[in-house]
Amino acid sequence: MLIAGNWKMFRGPDPAALAGLDAVVCPPYTLLRDCVDAGLTTYAQNVHWEQEGAYTGEISPPLLQELGVVGSLVGHSERRQHFGESDETVARRTRGALDAGLRVIACIGETQEQREAGETEDVLRRQLAVLEPHPDLVLAYEPVWAIGSGLTATPEMAQETHAFIKSLLDAPVLYGGSVKPDNAGALLAQPDVDGALVGGASLEVDSFKAICETAARIRS
């Protein structure tokens, strides 16, 4: 079971809370070295598709690897919403990172408007069509309507959607919509929910630790 903390700041959890889990942290670029030096499995929050070149403001896979970073998020909902990330650029970043030897968590998911219009499966089908199975590829289902809104997909909704995603692409799928200590157990207990991409709840050590401990109990 993979638990990824999309941390905006560096915090060191009790290593005992991570025992038996694949737990990674995804800090800002300025804290990547701190997390690596602390012995944490560290992913970047984004990565460019080219190995080198004049791409001001981007970071290439080799630069991340020099720091000891082992993977990256790609296509996070905030990247899609605020920075014009498209399905094609997500695919290019995914391929570039995987080809370089990095692991990738590729994010997918629908907005509230798309869900209300009954377009969830169409959106997911389109987002997945540009991705290919790979041993180091993990998907994160982010229902955009549940991020930062206080809303969360029910465990049944998460299970149904994860099963649909897996019918289209053979890869582990994390749930990433407002995972908190009080709902993590029910979500992670679903058979097709392979872990969590934790956002706001990973900003507090005790909160993130509680989610990890819940996942460890379920896995055992």
# chains A, B, ... in the order shown; residues from 1 in each chain; ligands from 1

call {"tool": "closest_atom_pairs", "arguments": {"of": "segment 60-92 of chain A", "to": "segment 187-204 of chain A", "cutoff": "12 Å", "atoms": "only C-alpha atoms", "output": "tab-separated table"}}
result
residue	atom	partner	partner_atom	distance
A:Leu73	CA	A:Leu197	CA	10.0
A:His76	CA	A:Leu197	CA	10.4
A:Ser77	CA	A:Gly199	CA	11.5
A:Glu78	CA	A:Gly199	CA	11.5

call {"tool": "write_last_selection", "arguments": {"atoms": "C-alpha atoms", "output": "PDB file, in the first residue's frame"}}
result
ATOM      1  CA  LEU A  73       3.999  13.553  -9.253  1.00  0.00           C
ATOM      2  CA  HIS A  76      -1.732  17.112 -10.273  1.00  0.00           C
ATOM      3  CA  SER A  77      -5.137  18.796 -10.410  1.00  0.00           C
ATOM      4  CA  GLU A  78      -3.608  22.145  -9.431  1.00  0.00           C
TER       5      GLU A  78
END

call {"tool": "residues_around", "arguments": {"residues": "Met1 of chain A", "least_positions_apart": "6", "cutoff": "10 Å", "atoms": "only C-alpha atoms", "output": "PDB file with C-alpha atoms, in the first residue's frame"}}
result
ATOM      1  CA  GLY A  20       5.359  -2.008   6.355  1.00  0.00           C
ATOM      2  CA  LEU A  21       4.199   0.764   4.031  1.00  0.00           C
ATOM      3  CA  ASP A  22       5.469   2.284   0.828  1.00  0.00           C
ATOM      4  CA  ALA A  23       5.372   5.871   2.085  1.00  0.00           C
ATOM      5  CA  PRO A 172      -2.118   0.634  -8.817  1.00  0.00           C
ATOM      6  CA  VAL A 173      -4.549   3.464  -8.048  1.00  0.00           C
ATOM      7  CA  LEU A 174      -4.339   5.804  -5.067  1.00  0.00           C
ATOM      8  CA  LEU A 188      -8.276   2.270   2.197  1.00  0.00           C
ATOM      9  CA  VAL A 193      -8.013   1.453  -3.454  1.00  0.00           C
ATOM     10  CA  ASP A 194      -4.283   0.748  -3.326  1.00  0.00           C
ATOM     11  CA  GLY A 195      -3.277   3.694  -1.173  1.00  0.00           C
ATOM     12  CA  ALA A 196      -3.718   7.416  -0.760  1.00  0.00           C
ATOM     13  CA  CYS A 212      -0.095   5.781   7.878  1.00  0.00           C
ATOM     14  CA  ALA A 215      -2.997   1.901   6.383  1.00  0.00           C
ATOM     15  CA  ALA A 216      -0.521  -0.327   8.230  1.00  0.00           C
ATOM     16  CA  ILE A 218      -5.360  -2.595   7.055  1.00  0.00           C
ATOM     17  CA  ARG A 219      -2.359  -4.043   5.255  1.00  0.00           C
TER      18      ARG A 219
END

call {"tool": "select_by_dssp", "arguments": {"residues": "segment 8-207 of chain A", "states": "helix (DSSP H, G or I)", "output": "PyMOL selection string"}}
result
chain A and resi 15-18+29-37+61-67+77-83+87-100+112-116+120-129+144-146+155-168+181-188+200-202+205-207

call {"tool": "residues_around", "arguments": {"residues": "segment 26-34 of chain A", "least_positions_apart": "4", "cutoff": "12 Å", "atoms": "only C-alpha atoms", "output": "ChimeraX atom specification"}}
result
/A:3-12,38-47,57-60,63-74,76,104-105,197-199,202-203

call {"tool": "residues_around", "arguments": {"residues": "segment 123-137 of chain A", "least_positions_apart": "6", "cutoff": "12 Å", "atoms": "only C-alpha atoms", "output": "ChimeraX atom specification"}}
result
/A:70-75,80,85-115,117,143-144,161-174

call {"tool": "closest_residue", "arguments": {"among": "A:Ala140, A:Ala184, A:Ala54, A:Val25", "to": "Arg217 of chain A", "atoms": "only C-alpha atoms"}}
result
A:Ala184

call {"tool": "closest_residue", "arguments": {"among": "A:Ala186, A:Val138, A:Pro62, A:Val36", "to": "His48 of chain A", "atoms": "only C-alpha atoms"}}
result
A:Pro62
